[in-house]
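What follows is a single structure, written as structure tokens, with notes after it.
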Amino acid sequence: MLRAGAAIGSRLRIVKAMPACRSLYAGSAFEPTETHGKLREMMRKLAEQEVDPQAKDFNRDERFNIPLFRKLGDLGVLGITVPEEYGGAGMDATSACIVHEELAAADPAFCLSYLAHSLLFVNNLARNGSHEQKREYLPRACSGELIGGMCMSEPDAGTDVLAMRTKAVRCSDGGFSITGNKMWITNGTLDGNTTGDAFLVYAKTGDPASRDGLSLFLVEKGSQGFRLGQQIKDKCGMRASMTAELVFDSCLVPASSVVGEIGGATKCMMRNLEVERLCLAAMSCGIARRCVEVMAQYSTERSSFGKPLKSFGQIQRLVGESFAQMRAGRAYLYETAAKTDLDSIPSAGAVGRLDTDGAKLYCGDMAKRCADSAMQVMGGNGYVGEYQVERLWRDAKLLEIGGGTNEAHHKNITRDLTGTGGRLIIP
């Protein structure tokens, strides 16, 4: 966990060189240390000056802004949770949430690609890979030279992930042959024609009909039998984040590509799910905060019946309730982040696991409601792209689906609560 005065990665020295943070929230759950405050200041400046201006064009064209993404490597945040010895910043879950919240307030789609790389690939490998694997891949991933993702979902296995059919069979030389299709893969393609650079791929190494025996493999672009199936276009939202189907047709990988233990990938998956869900909740908070800011400003500037919109009770309800919901979501998010240990494996009934499910469940729905309220306040102007609210509204919907559907969170929370008889130690 990050402590005040802790050393951070060389690329994040820019953060330490910034003026002292003057945030109202310094020392709070939102920014526990001065370093957290400086990180937020740096990311907000980047989001406002460089991420926001490009969002409309790249989302309209369904393109991924690779040069801007690689600038995140220059700033040191592509490996925000990676130990410094592998080129990362060595920061904590709260830091990861700060970066995701600030990026999502400007362009949730760009942020989603960042999440797939920095958490689903980079953090996953940092927590579960061998020293040799981390030494080979993480410096390039932290710099942005290599852009990665994670392959879990399949055409017939989404929420029921353990029902996946992709299998890996050991070859005579000790390597593995992977066969199957992976669906909805963020960063699956970066140009629409070829695959992304590298992926962590979940596959069955036991009985394909069994729900056990899950293993994790590193697969690089250009591997024999690995190819792009299709870029998935015309999505409701998150259009600047490129999504693909990836095909593994007897894809050959060496024995050294196994991440963790054969048959032990369920632990890898569970360890990474907590921070993924936290940062998806952080994205929701970024969307909600932007929507509250936009509707508050619009209600001040726009008049109707000779009065500013903000003077009407119906508008006041939408703005006021959205603000309260956004603040509640952020409080829940950062309280949960403060107690999240990136190296632990969550256990059934643990308050931390309940709260990562709970934070994502609440914040995902909250962001969608805030975006809907902003659109309602703005009327016809909220329905067109100029004010960006309609894009945030579309983007928000994915956060009730990706990383665990609302229904999956309902199931997980109820299972864990009833499994402990409801007796939780809640501070």
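Going through the structure tokens in order, the chains are called A, B, and so on, while each chain numbers its residues from 1 and the ligands are numbered from 1 in the order shown.
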Leaving out A:Arg40 and any residue of its chain fewer than 2 positions from it, which residues lie within 9 Å of it when counting only C-alpha atoms, given as a PDB file with C-alpha atoms, in the first residue's frame?
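Result written to result_3.pdb:
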```pdb
ATOM      1  CA  GLU A  31      -6.657  11.655  -1.691  1.00  0.00           C
ATOM      2  CA  THR A  35       1.151  12.070  -3.703  1.00  0.00           C
ATOM      3  CA  HIS A  36      -2.420  10.982  -4.397  1.00  0.00           C
ATOM      4  CA  GLY A  37      -3.433  14.623  -4.675  1.00  0.00           C
ATOM      5  CA  LYS A  38      -0.642  15.377  -7.126  1.00  0.00           C
ATOM      6  CA  MET A  42      -1.787  15.619 -13.133  1.00  0.00           C
ATOM      7  CA  MET A  43      -4.482  13.317 -14.508  1.00  0.00           C
ATOM      8  CA  ARG A  44      -7.201  15.974 -14.438  1.00  0.00           C
ATOM      9  CA  LYS A  45      -4.986  18.374 -16.367  1.00  0.00           C
ATOM     10  CA  SER A  95      -4.198   5.539  -7.132  1.00  0.00           C
ATOM     11  CA  ILE A  98      -7.974   8.168  -9.270  1.00  0.00           C
ATOM     12  CA  VAL A  99      -6.556   7.601 -12.757  1.00  0.00           C
ATOM     13  CA  GLU A 102     -10.228  11.302 -14.141  1.00  0.00           C
TER      14      GLU A 102
END
```
| message | Please identify the strand (DSSP E or B) residues within stretch 144-237 of chain A (assignment by DSSP from backbone atoms) and present them as a ChimeraX atom specification. | response | /A:148-151,154,157,167-170,176-186,189,195,198-204,214-220,226-231
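Distances from A:Ala359, A:Val253, A:Met295, A:Val384 to A:Ser223 were compared using only C-alpha atoms, and the smallest one belongs to A:Val253.
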Write out as CSV a residue-level contact list of stretch 143-203 of chain A versus stretch 79-84 of chain A with cut-off 12 Å: for each qualifying residue the closest pair of atoms and the distance in Å to one decimal, counting only C-alpha atoms, rows sorted by chain and residue number upward.
```
residue,atom,partner,partner_atom,distance
A:Ser143,CA,A:Gly79,CA,8.0
A:Gly144,CA,A:Gly79,CA,9.3
A:Leu146,CA,A:Gly79,CA,11.8
A:Ile147,CA,A:Gly79,CA,11.6
A:Gly148,CA,A:Gly79,CA,12.0
```
| message | Can you measure atom CA of A:Gly196 to atom CA of A:Lys182 for me? One decimal in Å is fine. | response | 13.3 Å
| field | Test item: residues at most 7 Å from stretch 286-289 of chain A, only C-alpha atoms, excluding those fewer than 5 positions along its chain, as a ChimeraX atom specification | value | /A:101-102,104-105,326,367,370-371,392
| task | Apply DSSP to the structure's backbone, then extract all residues of stretch 90-318 of chain A labelled alpha helix (DSSP H) and return them as a PyMOL selection string. | result | chain A and resi 93-106+108-115+124-128+131-143+265-301+313-318
Just C-alpha atoms for this one: save the residues we selected as a compact mmCIF listing (two decimals), in the first residue's frame.
```txt
# COMPACT_ATOMS: atom_id res chain seq x y z
CA ALA A 93 -5.71 0.66 -5.47
CA THR A 94 -6.69 4.22 -4.56
CA SER A 95 -4.20 5.54 -7.13
CA ALA A 96 -5.65 3.26 -9.80
CA CYS A 97 -9.14 4.55 -8.99
CA ILE A 98 -7.97 8.17 -9.27
CA VAL A 99 -6.56 7.60 -12.76
CA HIS A 100 -9.69 5.81 -13.97
CA GLU A 101 -12.05 8.39 -12.52
CA GLU A 102 -10.23 11.30 -14.14
CA LEU A 103 -9.87 9.66 -17.56
CA ALA A 104 -13.50 8.50 -17.62
CA ALA A 105 -14.76 12.01 -16.87
CA ALA A 106 -13.28 13.00 -20.25
CA PRO A 108 -14.85 6.58 -20.88
CA ALA A 109 -13.96 4.62 -24.03
CA PHE A 110 -10.33 5.69 -23.93
CA CYS A 111 -10.34 4.85 -20.22
CA LEU A 112 -11.77 1.38 -20.91
CA SER A 113 -8.82 0.58 -23.17
CA TYR A 114 -6.54 1.86 -20.43
CA LEU A 115 -8.25 -0.46 -17.91
CA ASN A 124 -2.71 -9.42 -13.69
CA LEU A 125 0.77 -10.36 -14.89
CA ALA A 126 2.44 -8.34 -12.13
CA ARG A 127 0.49 -10.27 -9.47
CA ASN A 128 0.52 -13.74 -11.02
CA HIS A 131 9.96 -13.09 -12.39
CA GLU A 132 11.10 -13.98 -15.91
CA GLN A 133 7.70 -13.21 -17.44
CA LYS A 134 7.44 -9.92 -15.59
CA ARG A 135 10.96 -8.92 -16.57
CA GLU A 136 10.27 -9.68 -20.24
CA TYR A 137 6.82 -8.11 -20.67
CA LEU A 138 6.14 -5.51 -17.99
CA PRO A 139 8.74 -2.83 -18.88
CA ARG A 140 7.42 -2.73 -22.46
CA ALA A 141 3.81 -2.74 -21.26
CA CYS A 142 4.48 0.05 -18.74
CA SER A 143 6.08 2.23 -21.43
CA ALA A 265 -5.87 -19.74 -12.92
CA THR A 266 -9.10 -19.36 -10.99
CA LYS A 267 -7.01 -17.78 -8.21
CA CYS A 268 -5.39 -15.43 -10.76
CA MET A 269 -8.85 -14.46 -11.98
CA MET A 270 -10.27 -13.77 -8.52
CA ARG A 271 -7.23 -11.78 -7.40
CA ASN A 272 -7.55 -9.44 -10.40
CA LEU A 273 -11.36 -9.14 -10.37
CA GLU A 274 -11.39 -7.01 -7.24
CA VAL A 275 -9.31 -4.16 -8.61
CA GLU A 276 -11.02 -4.43 -12.02
CA ARG A 277 -14.43 -3.95 -10.41
CA LEU A 278 -13.15 -1.09 -8.27
CA CYS A 279 -11.82 0.75 -11.30
CA LEU A 280 -14.98 0.14 -13.31
CA ALA A 281 -16.80 1.76 -10.38
CA ALA A 282 -14.27 4.60 -10.58
CA MET A 283 -15.13 5.03 -14.25
CA SER A 284 -18.80 5.29 -13.26
CA CYS A 285 -17.91 7.98 -10.74
CA GLY A 286 -16.01 9.91 -13.41
CA ILE A 287 -19.00 9.78 -15.74
CA ALA A 288 -21.37 10.85 -12.96
CA ARG A 289 -19.15 13.72 -11.86
CA ARG A 290 -18.91 15.06 -15.41
CA CYS A 291 -22.69 14.82 -15.84
CA VAL A 292 -23.33 16.72 -12.60
CA GLU A 293 -20.90 19.44 -13.66
CA VAL A 294 -22.49 19.77 -17.09
CA MET A 295 -26.09 19.90 -15.86
CA ALA A 296 -25.26 22.38 -13.09
CA GLN A 297 -23.56 24.70 -15.56
CA TYR A 298 -26.30 24.33 -18.16
CA SER A 299 -29.05 25.03 -15.65
CA THR A 300 -27.27 28.26 -14.76
CA GLU A 301 -26.71 29.46 -18.32
CA GLY A 313 -37.93 22.75 -8.66
CA GLN A 314 -38.02 19.97 -11.24
CA ILE A 315 -34.49 20.88 -12.36
CA GLN A 316 -33.28 21.32 -8.79
CA ARG A 317 -34.41 17.77 -7.99
CA LEU A 318 -32.47 16.31 -10.90
```
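Between atom CA of A:Pro254 and atom CA of A:Gly174 lies a distance of 7.1 Å.
Nearest to A:Ser153 of all the residues A:Ser118, A:Ile232, A:Gly320, A:Gly402 is A:Gly402, counting only C-alpha atoms.
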| request: Would you mind listing what lies within 6 Å of stretch 53-65 of chain A as a VMD selection string, with only C-alpha atoms counted and same-chain residues fewer than 6 positions away left out? | output: chain A and resid 107 239 to 241
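What separates atom CA of A:Asp416 from atom CA of A:Thr340 is a distance of 17.4 Å.
Using only C-alpha atoms for every distance, the candidate list A:Gly264, A:Gly88, A:Gly149, A:Gly180 yields A:Gly180 as the residue closest to A:Met164.
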